[in-house]
Amino acid sequence: MGREVKRITCIVCPNGCEIEVVLESGRVVEVRGAGCRRGVEYAIEEATSPKRIVMSVVKCIDGDLPTVSVKTSRPVPKERIWDVMKVLSEVEARAPVEVGQVLVRNVLGLGIDVVATRRCRKVS
Amino acid sequence: MVSAAPERIDVDVLVIGGGPAGLAAAARCAKLGLSTMIVEVGDRLGGIPLQCVHPGFGIHYFGEDLTGTEFIERLIDRVEELGVPYLTRAYVTELIYLDVDRKLARVLAPGRAIEIEAKAIIYAAGARERHVYEINIVGDRPSGIYTAGEAQAMMDLYGLMPGRKVLIVGSGDVGLIMARRFALEGAEVVGVVEIMPWPGGLTRNVVQCLQDFGIPLLLSHAVIAVKGRERVEAAIVAEVDKNLKPVPGTEREIPCDTIVIAAGLVPNTELLERLGVAMDPATAGPRVNELLETSVPGVFAAGNALAINDLVDNVAEQGELAAEGARIFIENSGIPTARWIPVARGKGIRLVVPQLVSGERRVKLLARVSKPFRRACVEIRELGIRTCRPRLMPAEMVSIEISPGSIPRDVEKLTLEVVEHG
Ligand SMILES: Cc1cc2nc3c(=O)[nH]c(=O)nc-3n(C[C@H](O)[C@H](O)[C@H](O)COP(=O)(O)OP(=O)(O)OC[C@H]3O[C@@H](n4cnc5c(N)ncnc54)[C@H](O)[C@@H]3O)c2cc1C
Ligand code: SF4
């Protein structure tokens with residue numbers, strides 16, 4: 001793999017430090033430009049295993065709105081985001097749905113749930 | 001048909017708008033023992049956050065990073081638990097000032113005309129989006145042009161995709177968030193066009209919404225024309241010079257089937273203006289005192305109807321402050337204060353709220369700078385109070401607090417300005 005430098009804009013606080021993470025064969029050997037410790041941790045995580053919360057909407061049947069909004073209970077590894085979106089496109093919830101209700105348990109075996117973030121009230 | 005004699009409702013406080021500002025205001029009014037009613041034109045309470053499925057809401061207010069939807073469901077729960085009555089699909093068409101203790105609102109609801117008489121009014125009607133004709137784009141009016149809010153409602157309330165190849169106009173947080181939303185749903189986002197030389201939104205959103213998806217950000221660019229008869233086929237973009245004028249010869253065509261305008265919000269103030277409320281050209285909202293009372297006694301404003309806020313936390317806080325103001329107003333038939341001191345905008349300050357302070361109560365001024373500054377402070381010149389930041393960005397409001405009794409007698413106005421150091 002050799003030596004690689006990843007540039008990361010820190011988003012932990014509004015300073016927005018431009019941080020460089022130097023990797024050798026995938027291992028962090030140096031972190032430059034961070035204004036503080038929290039930035040260093042963030043940059044290392046971003047350079048080695050970036051994760052994001054995925055949020056979207058899924059279908060809701062018999063509800064006051066045709067959709068219910070959802071998010072993952074924890075951040076998903078970035079390279080799996082599209083797989084999670086694919087699963088979500090096929091989910092159909094049925095009203096009533098409450099905030100926090102689990103709509104997909106352990107999505108793709110990642111140990112992460114998909115939970116509702118908006119109510120969907122039943123209409124008959 | 002609407003019957004001839006309108007129904008009558010009497011309350012202490014009428015809250016206009018059931019978004020975060022209105023809900024927070026109504027909940028606080030109810031806790032203060034005031035009889036309160038909310039009038040909301042939408043099908044449901046909630047306002048904008050109801051269609052915001054992304055996180056970034058409530059970090060200060062609830063101490064948790066919630067999605068817009070989660071945030072607003074909590075506020076709705078609070079209002080429902082307190083039993084605050086509300087009308088949905090009800091539109092306030094007119095406000096009338098009867099006397100200091102009485103205001104009248106005319107309300108239209110399906111099949112009903114209602115007159116609500118209130119001692120105080122909290123106006124929390126939010127903002128409207130700037131549309132394409134307000135930002136000088138020429139061409140036909142093919143389908144495929146939406147405001148960000150329209151596109152967001154289609155996707156996140158109704159589950160419909162507005163298009164597949166999308167150009168976003170405006171790089172404020174709203175534009176950035178919509179770019180990510182489209183990308184996540186599998187659309188190709190061909191770019192985000194921004195007329196200014198810097199992005200309008202938070203760095204966090206530039207990173208997580210654009211860089212994550214490899215979406216190009218075209219700074220110092222503008223859309224000058226739209227091609228397509230029935231449906232959008234392409235946008236013509238050009239670079240702009242320092243005066244934001246298109247530079248001849250830099251035009252190019254970007255194919256797309258959808259253009260999303262995220263060109264900013266403007267406070268919804270029509271009803272207030274017709275009531276004769278004094279306006280502030282800087283915020284495009286009403287001029288208010290530290291309890292968020294407008295120039296019409298007992299009429300308060302909060303949230304995006306007061307000034308465009310970037311954080312819902314501030315909006316909810318404003319709602320609560322207006323509720324406190326309404327309580328003081330109702331108890332005293334006015335706000336007891338020796339004098340109002342105007343807050344002027346100095347160098348580098350685009351806007352500030354409130355515009356009038358007494359020095360008798362603790363006040364949090366919220367200000368927006370006119371351009372980015374590095375290592376700078378926002379300072380109240382006459383008091384020497386300052387808030388310093390390594391970076392001051394127009395996208396993020398800065399707050400600065402004045403404690404009671406800290407304004408000397410001989411000070412007749414306060415000036416807020418940016419002071420750079422180093
Ligand atoms: C795309 C987008 C993303 C955002 N992201 C974030 C974020 O990540 N974090 C964050 O903190 N904030 C975010 N915000 C900002 C936040 O949504 C607003 O600050 C907040 O919604 C403002 O609340 P409000 O109550 O003033 O207005 P609104 O939410 O607009 O509510 C106003 C209500 O008044 C009603 N109304 C208007 N006129 C009348 C009338 N005449 N009669 C009766 N009812 C009326 C409307 O129907 C509406 O429901 C975002 C906004 C947008 C658009
Ligand atoms: S490195 Fe530290 S100071 Fe710099 S942006 Fe990140 S959190 Fe802020």
# chains A, B, ... in the order shown; residues from 1 in each chain; ligands from 1

$ closest_atom_pairs --of "chain B" --to "chain A" --cutoff "9 Å" --atoms "only C-alpha atoms" --output "tab-separated table"
residue	atom	partner	partner_atom	distance
B:Leu50	CA	A:Arg118	CA	7.8
B:Gln51	CA	A:Ser69	CA	8.6
B:Cys52	CA	A:Ser69	CA	8.8
B:Val53	CA	A:Ser69	CA	6.0
B:His54	CA	A:Met55	CA	6.2
B:Pro55	CA	A:Met55	CA	8.3
B:Leu66	CA	A:Thr117	CA	8.8
B:Thr67	CA	A:Thr117	CA	7.1
B:Gly68	CA	A:Thr117	CA	8.6
B:Thr69	CA	A:Arg118	CA	5.3
B:Glu70	CA	A:Thr117	CA	5.2
B:Phe71	CA	A:Thr117	CA	8.9
B:Ile72	CA	A:Arg118	CA	8.7
B:Glu73	CA	A:Arg118	CA	6.8
B:Met155	CA	A:Val57	CA	8.1
B:Asp156	CA	A:Val57	CA	6.1
B:Leu157	CA	A:Thr67	CA	6.0
B:Tyr158	CA	A:Pro66	CA	5.6
B:Gly159	CA	A:Thr67	CA	6.1
B:Arg181	CA	A:Ser56	CA	7.9
B:Leu184	CA	A:Met85	CA	7.4
B:Glu185	CA	A:Met85	CA	7.6
B:Gly186	CA	A:Trp82	CA	8.9
B:Leu202	CA	A:Pro14	CA	8.0
B:Thr203	CA	A:Gly16	CA	6.6
B:Arg204	CA	A:Ile11	CA	5.0
B:Asn205	CA	A:Ile11	CA	8.6
B:Val207	CA	A:Thr9	CA	7.1
B:Gln208	CA	A:Arg52	CA	8.7
B:Asp212	CA	A:Lys78	CA	8.9
B:Arg389	CA	A:Asn15	CA	8.2
B:Pro390	CA	A:Asn15	CA	6.2
B:Arg391	CA	A:Asn15	CA	6.1
B:Leu392	CA	A:Pro14	CA	8.8

$ write_last_selection --atoms "C-alpha atoms" --output "CSV table (one decimal), in the first residue's frame"
chain,number,residue,atom,x,y,z
B,50,LEU,CA,-41.6,17.8,10.0
B,51,GLN,CA,-40.0,17.3,6.6
B,52,CYS,CA,-36.4,17.4,7.8
B,53,VAL,CA,-35.2,13.8,8.2
B,54,HIS,CA,-31.6,14.7,8.8
B,55,PRO,CA,-30.0,15.2,12.3
B,66,LEU,CA,-32.1,14.8,16.9
B,67,THR,CA,-33.5,14.7,13.4
B,68,GLY,CA,-36.0,17.5,12.6
B,69,THR,CA,-38.8,15.0,12.8
B,70,GLU,CA,-37.8,13.7,16.2
B,71,PHE,CA,-37.3,17.2,17.5
B,72,ILE,CA,-40.7,18.4,16.4
B,73,GLU,CA,-42.5,15.2,17.6
B,155,MET,CA,-39.4,13.4,-1.1
B,156,ASP,CA,-39.7,13.3,2.7
B,157,LEU,CA,-43.4,13.7,3.2
B,158,TYR,CA,-44.9,12.1,0.1
B,159,GLY,CA,-42.1,9.8,-1.0
B,181,ARG,CA,-30.7,13.9,0.2
B,184,LEU,CA,-28.6,9.3,-1.1
B,185,GLU,CA,-31.8,8.6,-3.0
B,186,GLY,CA,-29.8,7.7,-6.0
B,202,LEU,CA,-21.6,25.2,7.8
B,203,THR,CA,-18.3,23.5,7.1
B,204,ARG,CA,-19.8,20.3,8.6
B,205,ASN,CA,-22.4,20.3,5.9
B,207,VAL,CA,-17.9,18.0,4.2
B,208,GLN,CA,-20.8,15.6,4.9
B,212,ASP,CA,-18.9,12.5,0.9
B,389,ARG,CA,-14.2,33.2,17.6
B,390,PRO,CA,-11.3,31.8,15.5
B,391,ARG,CA,-13.7,32.0,12.6
B,392,LEU,CA,-16.8,34.1,12.2

$ closest_residue --among "A:Glu90, A:Glu79, A:Glu4, A:Glu20" --to "Ser49 (chain A)" --atoms "only C-alpha atoms"
A:Glu79

$ residues_around --residues "Ala262 (chain B)" --least-positions-apart "2" --cutoff "8 Å" --atoms "only C-alpha atoms" --output "PyMOL selection string"
chain B and resi 129-130+147-148+168-172+174-175+260+264

$ closest_residue --among "A:Gly39, A:Gly111, A:Gly2, A:Pro96" --to "Val76 (chain A)" --atoms "only C-alpha atoms"
A:Gly111

$ decode --residues "region 86-153 of chain B" --atoms "C-alpha atoms" --output "compact mmCIF listing (two decimals), in the first residue's frame"
# COMPACT_ATOMS: atom_id res chain seq x y z
CA TYR B 86 -55.03 24.06 18.39
CA LEU B 87 -56.62 24.37 14.98
CA THR B 88 -54.95 22.89 11.89
CA ARG B 89 -55.83 23.72 8.30
CA ALA B 90 -56.72 27.11 9.73
CA TYR B 91 -55.28 30.24 8.22
CA VAL B 92 -55.01 33.63 9.88
CA THR B 93 -56.08 36.11 7.23
CA GLU B 94 -56.05 39.35 9.17
CA LEU B 95 -54.96 40.89 12.45
CA ILE B 96 -56.78 43.84 13.96
CA TYR B 97 -55.60 45.98 16.87
CA LEU B 98 -58.65 46.87 18.98
CA ASP B 99 -56.93 48.40 21.99
CA VAL B 100 -53.93 47.75 24.18
CA ASP B 101 -55.53 44.72 25.82
CA ARG B 102 -57.38 43.29 22.85
CA LYS B 103 -56.39 42.10 19.40
CA LEU B 104 -58.55 40.27 16.92
CA ALA B 105 -57.50 37.61 14.43
CA ARG B 106 -59.71 36.51 11.57
CA VAL B 107 -59.23 32.83 10.84
CA LEU B 108 -60.44 30.69 7.95
CA ALA B 109 -60.75 26.95 8.52
CA PRO B 110 -62.51 24.37 6.31
CA GLY B 111 -66.18 25.36 6.44
CA ARG B 112 -65.67 27.76 9.35
CA ALA B 113 -64.89 31.41 9.86
CA ILE B 114 -63.56 32.18 13.33
CA GLU B 115 -62.70 35.37 15.15
CA ILE B 116 -60.18 34.94 17.92
CA GLU B 117 -59.78 37.74 20.43
CA ALA B 118 -56.55 37.68 22.38
CA LYS B 119 -54.75 39.91 24.88
CA ALA B 120 -51.45 39.10 23.23
CA ILE B 121 -50.41 37.54 19.95
CA ILE B 122 -47.28 35.54 19.28
CA TYR B 123 -46.61 35.63 15.59
CA ALA B 124 -44.59 32.55 14.58
CA ALA B 125 -45.53 32.10 10.93
CA GLY B 126 -42.02 31.13 9.80
CA ALA B 127 -40.51 32.09 6.47
CA ARG B 128 -41.15 31.70 2.79
CA GLU B 129 -38.58 30.57 0.25
CA ARG B 130 -37.15 32.86 -2.39
CA HIS B 131 -38.31 31.63 -5.75
CA VAL B 132 -36.59 31.49 -9.11
CA TYR B 133 -38.00 34.79 -10.36
CA GLU B 134 -36.45 36.53 -7.39
CA ILE B 135 -32.93 35.53 -8.35
CA ASN B 136 -32.83 36.61 -11.96
CA ILE B 137 -32.81 33.41 -13.94
CA VAL B 138 -34.13 33.84 -17.48
CA GLY B 139 -35.71 31.30 -19.79
CA ASP B 140 -38.98 29.46 -20.16
CA ARG B 141 -40.80 28.04 -17.20
CA PRO B 142 -40.43 24.33 -17.87
CA SER B 143 -41.36 21.81 -15.21
CA GLY B 144 -38.54 20.53 -13.05
CA ILE B 145 -37.82 23.72 -11.13
CA TYR B 146 -38.55 23.50 -7.43
CA THR B 147 -37.67 25.35 -4.30
CA ALA B 148 -35.73 23.29 -1.76
CA GLY B 149 -38.74 23.14 0.51
CA GLU B 150 -41.01 21.90 -2.27
CA ALA B 151 -38.50 19.22 -3.25
CA GLN B 152 -38.04 18.23 0.38
CA ALA B 153 -41.78 17.93 0.97
